[in-house]
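**Student:** File name work24.txt; file contents compact mmCIF, C-alpha atoms; full text below.
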# COMPACT_ATOMS: atom_id res chain seq x y z
CA LEU J 181 14.76 -153.60 186.50
CA SER J 182 16.82 -150.46 186.82
CA ASN J 183 17.23 -147.51 189.14
CA HIS J 184 15.52 -145.39 186.47
CA THR J 185 12.29 -147.40 186.66
CA HIS J 186 12.19 -148.70 190.24
CA TYR J 187 12.53 -146.99 193.57
CA SER J 188 11.24 -147.27 197.10
CA PRO J 189 8.88 -144.41 198.01
CA THR J 190 9.60 -145.04 201.70
CA ASP J 191 13.38 -145.36 201.23
CA PRO J 192 14.43 -143.38 198.14
CA ASP J 193 18.17 -143.81 198.87
CA ALA J 194 18.01 -147.60 198.31
CA ARG J 195 19.30 -148.74 194.90
CA ILE J 196 18.79 -151.83 192.79
CA SER J 197 21.75 -154.16 192.93
CA THR J 198 22.55 -157.75 192.07
CA LYS J 199 24.76 -160.51 193.35
CA PRO J 200 25.47 -163.70 191.39
CA GLY J 201 22.68 -166.21 191.98
CA LYS J 202 20.38 -163.69 193.66
CA ALA J 203 17.45 -161.66 192.40
CA ARG J 204 17.74 -157.92 191.77
CA GLN J 205 16.32 -155.92 194.62
CA LEU J 206 16.55 -152.58 196.39
CA ASN J 207 19.55 -152.61 198.74
CA TYR J 208 22.27 -150.71 200.52
CA CYS J 209 25.94 -151.63 200.60
CA GLY J 210 26.95 -152.37 204.19
CA GLN J 211 30.48 -152.15 205.56
CA VAL J 212 31.65 -153.44 208.94
CA ALA J 213 35.09 -153.05 210.51
CA VAL J 214 36.15 -155.54 213.18
CA ASP J 215 39.11 -155.69 215.54
CA ASP J 216 40.01 -159.32 214.91
CA ALA J 217 42.21 -159.59 218.01
CA HIS J 218 39.36 -158.70 220.37
CA HIS J 219 36.33 -159.60 218.20
CA VAL J 220 34.83 -156.12 218.54
CA ILE J 221 32.98 -154.18 215.85
CA THR J 222 34.84 -150.88 215.51
CA GLY J 223 32.79 -149.30 212.74
CA ALA J 224 29.71 -149.83 210.59
CA CYS J 225 28.20 -147.83 207.76
CA ALA J 226 25.86 -148.15 204.81
CA SER J 227 26.41 -146.74 201.34
CA THR J 228 24.40 -146.67 198.16
CA ALA J 229 24.08 -150.16 196.69
CA GLY J 230 25.96 -150.62 193.47
CA SER J 231 29.03 -148.79 194.73
CA ARG J 232 32.28 -150.73 194.80
CA ASP J 233 33.63 -151.90 198.14
CA SER J 234 36.95 -150.26 197.25
CA GLU J 235 35.15 -146.89 197.04
CA ASN J 236 33.77 -147.44 200.55
CA LEU J 237 37.05 -148.36 202.28
CA PRO J 238 37.98 -144.74 203.14
CA GLU J 239 34.52 -144.12 204.65
CA ILE J 240 34.56 -147.15 206.95
CA LEU J 241 38.20 -146.57 207.93
CA ASP J 242 37.54 -142.87 208.66
CA GLN J 243 34.70 -143.88 210.95
CA THR J 244 36.81 -146.56 212.63
CA LEU J 245 39.75 -144.19 213.08
CA ASP J 246 37.41 -141.61 214.69
CA ASN J 247 35.91 -144.26 216.99
CA LEU J 248 39.31 -145.55 218.08
CA GLU J 249 40.86 -142.09 218.47
CA GLY J 250 38.45 -141.38 221.33
CA LEU J 251 39.93 -144.39 223.11
CA GLY J 252 43.52 -143.37 222.41
CA MET J 253 43.90 -146.15 219.84
CA GLY J 254 44.67 -146.29 216.14
CA ILE J 255 45.00 -148.66 213.20
CA ASP J 256 48.33 -149.87 211.87
CA GLN J 257 47.12 -152.81 209.74
CA VAL J 258 44.00 -153.67 207.80
CA THR J 259 42.99 -156.81 205.90
CA ALA J 260 40.18 -156.98 203.36
CA ASP J 261 39.09 -159.10 200.42
CA ALA J 262 39.92 -158.30 196.77
CA GLY J 263 36.72 -156.25 196.40
CA TYR J 264 38.46 -153.51 198.39
CA SER J 265 41.51 -153.47 196.09
CA SER J 266 42.04 -150.22 194.21
CA GLY J 267 44.73 -147.63 193.87
CA LYS J 268 42.55 -145.08 195.65
CA ALA J 269 41.96 -147.38 198.63
CA LEU J 270 45.63 -148.38 198.89
CA ARG J 271 46.76 -144.76 198.53
CA TYR J 272 44.37 -143.81 201.34
CA CYS J 273 45.96 -146.44 203.61
CA GLU J 274 49.50 -145.43 202.66
CA GLU J 275 48.82 -141.75 203.43
CA ARG J 276 47.65 -142.74 206.92
CA GLY J 277 50.53 -145.12 207.64
CA ILE J 278 48.28 -148.20 207.54
CA ASP J 279 49.72 -151.44 206.16
CA ALA J 280 46.98 -152.83 203.90
CA TYR J 281 46.79 -156.55 203.18
CA ILE J 282 44.36 -156.62 200.26
CA PRO J 283 44.80 -159.04 197.34
CA ASN J 284 44.71 -157.74 193.77
CA PHE J 285 41.69 -158.37 191.55
CA GLY J 286 41.76 -161.68 189.69
CA GLN J 287 42.23 -159.97 186.30
CA TYR J 288 45.30 -158.02 187.43
CA LYS J 289 48.45 -159.06 185.55
CA PRO J 290 51.68 -158.19 187.39
CA GLU J 291 53.78 -159.41 184.46
CA ARG J 292 53.26 -159.40 180.69
CA GLU J 293 54.63 -162.58 179.16
CA GLY J 294 57.32 -161.76 176.61
CA PHE J 295 57.44 -158.07 177.60
CA SER J 296 59.45 -156.23 180.22
CA TYR J 297 58.46 -152.91 181.76
CA HIS J 298 61.04 -150.13 182.07
CA ALA J 299 59.89 -147.54 184.61
CA ASP J 300 62.68 -145.07 183.81
CA SER J 301 61.33 -144.59 180.26
CA ASP J 302 57.72 -145.67 181.01
CA GLU J 303 57.65 -148.25 178.22
CA TYR J 304 57.38 -151.97 177.56
CA ARG J 305 59.90 -153.85 175.43
CA CYS J 306 59.30 -157.06 173.51
CA GLU J 307 61.72 -159.78 174.54
CA LYS J 308 60.13 -162.72 172.74
CA PRO J 309 62.64 -165.05 171.10
CA GLY J 310 62.40 -164.58 167.32
CA GLY J 311 60.64 -161.21 167.73
CA LYS J 312 61.87 -157.83 166.53
CA GLY J 313 62.27 -156.19 169.95
CA ALA J 314 59.42 -153.72 169.60
CA VAL J 315 59.15 -150.86 172.07
CA LEU J 316 55.65 -150.06 173.33
CA THR J 317 55.62 -146.39 174.27
CA PHE J 318 53.16 -144.70 176.59
CA LYS J 319 50.33 -143.16 174.53
CA GLY J 320 48.04 -141.73 177.21
CA ILE J 321 45.45 -142.52 179.84
CA LYS J 322 42.11 -143.90 178.72
CA THR J 323 38.97 -144.84 180.67
CA ASP J 324 37.70 -148.37 180.02
CA SER J 325 34.05 -149.48 179.82
CA LYS J 326 33.94 -150.13 183.58
CA GLY J 327 35.15 -146.64 184.45
CA TYR J 328 38.76 -147.55 185.30
CA ASP J 329 41.59 -145.29 184.13
CA LYS J 330 44.30 -147.23 182.31
CA LYS J 331 47.67 -146.35 180.84
CA SER J 332 47.87 -147.31 177.18
CA TYR J 333 51.09 -148.52 175.50
CA ARG J 334 51.50 -149.17 171.78
CA SER J 335 54.20 -150.38 169.44
CA SER J 336 55.07 -149.12 165.98
CA GLU J 337 53.31 -150.72 163.00
CA THR J 338 56.65 -150.66 161.18
CA VAL J 339 58.32 -152.98 163.68
CA CYS J 340 55.41 -155.29 164.53
CA GLY J 341 53.94 -155.32 161.02
CA SER J 342 56.91 -157.26 159.66
CA CYS J 343 57.56 -159.39 162.76
CA PRO J 344 57.30 -163.17 162.24
CA LEU J 345 55.36 -163.39 165.54
CA ARG J 346 52.86 -160.65 164.60
CA GLU J 347 49.80 -162.82 163.99
CA LYS J 348 50.23 -164.80 167.21
CA CYS J 349 51.12 -161.73 169.29
CA CYS J 350 48.92 -158.97 167.80
CA GLY J 351 46.17 -160.85 165.98
CA LYS J 352 45.40 -161.50 162.31
CA ALA J 353 44.49 -157.98 161.25
CA THR J 354 46.35 -155.79 163.73
CA ARG J 355 49.85 -154.62 162.81
CA PHE J 356 50.87 -153.30 166.24
CA LYS J 357 50.91 -154.52 169.84
CA LYS J 358 48.85 -152.70 172.47
CA LEU J 359 48.97 -153.17 176.25
CA GLU J 360 46.85 -151.48 178.89
CA GLU J 361 47.94 -151.16 182.50
CA SER J 362 46.32 -149.84 185.64
CA ILE J 363 47.38 -146.28 186.47
CA ASP J 364 47.84 -147.62 190.01
CA LYS J 365 50.31 -150.39 189.14
CA PRO J 366 52.80 -149.23 191.81
CA TYR J 367 50.15 -150.12 194.40
For this file, write the structure as structure tokens.

**Tutor:**
Amino acid sequence: LSNHTHYSPTDPDARISTKPGKARQLNYCGQVAVDDAHHVITGACASTAGSRDSENLPEILDQTLDNLEGLGMGIDQVTADAGYSSGKALRYCEERGIDAYIPNFGQYKPEREGFSYHADSDEYRCEKPGGKGAVLTFKGIKTDSKGYDKKSYRSSETVCGSCPLREKCCGKATRFKKLEESIDKPY
């Protein structure tokens, strides 16, 4: 089943989506904002199924801000699950003065074991005991298979190629170390 082969003639905006343990079907992605102090729904919207929750955070917060503005109220804090975590969503909250309490995705790595990040020179440095102290310089921004932009860092083959830790650190065939980092790491 795909959106290229299946559609609803009565609801052409619905899209096929899946959730673990559930069958594929035509759906929408629903978002609801709730004032947890007063147990009141402050906003609700539906988006195309298959979109990430993090892409929908600005839409539901815009609606909620508009709804509350009419009452002379605003938002100063928001909590959401990790599905809403992205640099774009956190940047949106920061620009509006909203403290966002949203955990990072499970695959996010705040630290790289054996490597330290140096923001002033935008590079990683190997600090593994017995290593050769390789410097991984910024090589550019690349888009991964899931559509996320990542900063790419790479060491020199000259340094890592002769390092006694090369095989364990880089792999059997590779003669350099490569790290990828979210472009939104500051968030």

**Student:** Taking into account only C-alpha atoms, which residue in the set J:Lys365, J:Leu237, J:Lys308, J:Cys273 is nearest to Phe285 (chain J)?

**Tutor:** J:Lys365

**Student:** Of the residues J:Thr354, J:Ser362, J:Thr198, J:Ser231, which is the one nearest to Tyr328 (chain J), using all atoms listed in the file?

**Tutor:**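 Going through J:Thr354, J:Ser362, J:Thr198, J:Ser231 one by one, the smallest distance to Tyr328 (chain J) is for J:Ser362.
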
**Student:** Neighbours of Ser182 (chain J) within 10 Å (all atoms listed in the file; same-chain residues fewer than 5 positions away dropped), as an NGL selection string?

**Tutor:** :J and (187 or 195-197 or 204-206)

**Student:** With C-alpha atoms retained, could you export that selection as a PDB file, in the frame of the given file?

**Tutor:**
ATOM      1  CA  TYR J 187      12.530-146.990 193.570  1.00  0.00           C
ATOM      2  CA  ARG J 195      19.300-148.740 194.900  1.00  0.00           C
ATOM      3  CA  ILE J 196      18.790-151.830 192.790  1.00  0.00           C
ATOM      4  CA  SER J 197      21.750-154.160 192.930  1.00  0.00           C
ATOM      5  CA  ARG J 204      17.740-157.920 191.770  1.00  0.00           C
ATOM      6  CA  GLN J 205      16.320-155.920 194.620  1.00  0.00           C
ATOM      7  CA  LEU J 206      16.550-152.580 196.390  1.00  0.00           C
TER       8      LEU J 206
END

**Student:** Name the closest residue to Asp300 (chain J) among the candidates J:Ala269, J:Gly277, J:Thr317, J:Asp233; distances are taken between atoms, counting all atoms listed in the file.

**Tutor:**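 Selected residue with least distance to Asp300 (chain J): J:Thr317.
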
**Student:** Under the rule that all atoms listed in the file are counted, which of J:Gly223, J:Pro366, J:Gly320, J:Pro283 is the nearest residue to Leu248 (chain J)?

**Tutor:**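 Among the listed residues, the smallest separation from Leu248 (chain J) belongs to J:Gly223.
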
**Student:** Excluding Ala314 (chain J) and residues on its chain fewer than 5 positions from it, collect all residues at most 9 Å away from it, counting all atoms listed in the file, and give them as a ChimeraX atom specification.

**Tutor:** /J:304-307,335-336,339-340,357

**Student:** Hey, can you spit out that residue selection with C-alpha atoms as a JSON list (two decimals), keeping the file's coordinate frame?

**Tutor:**
[["chain", "number", "residue", "atom", "x", "y", "z"],
["J", 304, "TYR", "CA", 57.38, -151.97, 177.56],
["J", 305, "ARG", "CA", 59.90, -153.85, 175.43],
["J", 306, "CYS", "CA", 59.30, -157.06, 173.51],
["J", 307, "GLU", "CA", 61.72, -159.78, 174.54],
["J", 335, "SER", "CA", 54.20, -150.38, 169.44],
["J", 336, "SER", "CA", 55.07, -149.12, 165.98],
["J", 339, "VAL", "CA", 58.32, -152.98, 163.68],
["J", 340, "CYS", "CA", 55.41, -155.29, 164.53],
["J", 357, "LYS", "CA", 50.91, -154.52, 169.84]]

**Student:** Write out as a PyMOL selection string which residues come within 8 Å of Ala226 (chain J) when counting all atoms listed in the file, dropping same-chain ones fewer than 6 positions away.

**Tutor:** chain J and resi 208-211

**Student:** Could you check how far CA of Asp256 (chain J) sits from CA of Val212 (chain J), in Å to one decimal?

**Tutor:**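 Going from CA of Asp256 (chain J) over to CA of Val212 (chain J), I get 17.3 Å.
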
**Student:** Tell me which residues come within 9 Å of (37.8, -148.6, 194.6), as a list in words, counting only C-alpha atoms in the file's coordinates.

**Tutor:** Ser231, Arg232, Asp233, Ser234, Glu235, Asn236, Leu237, Gly263, Tyr264, Ser265, Ser266, Gly267, Lys268, Ala269 and Leu270 of chain J

**Student:** Considering only C-alpha atoms, can you say which of J:Ala229, J:Val315, J:Cys350, J:Val258 comes closest to Ala217 (chain J)?

**Tutor:** J:Val258
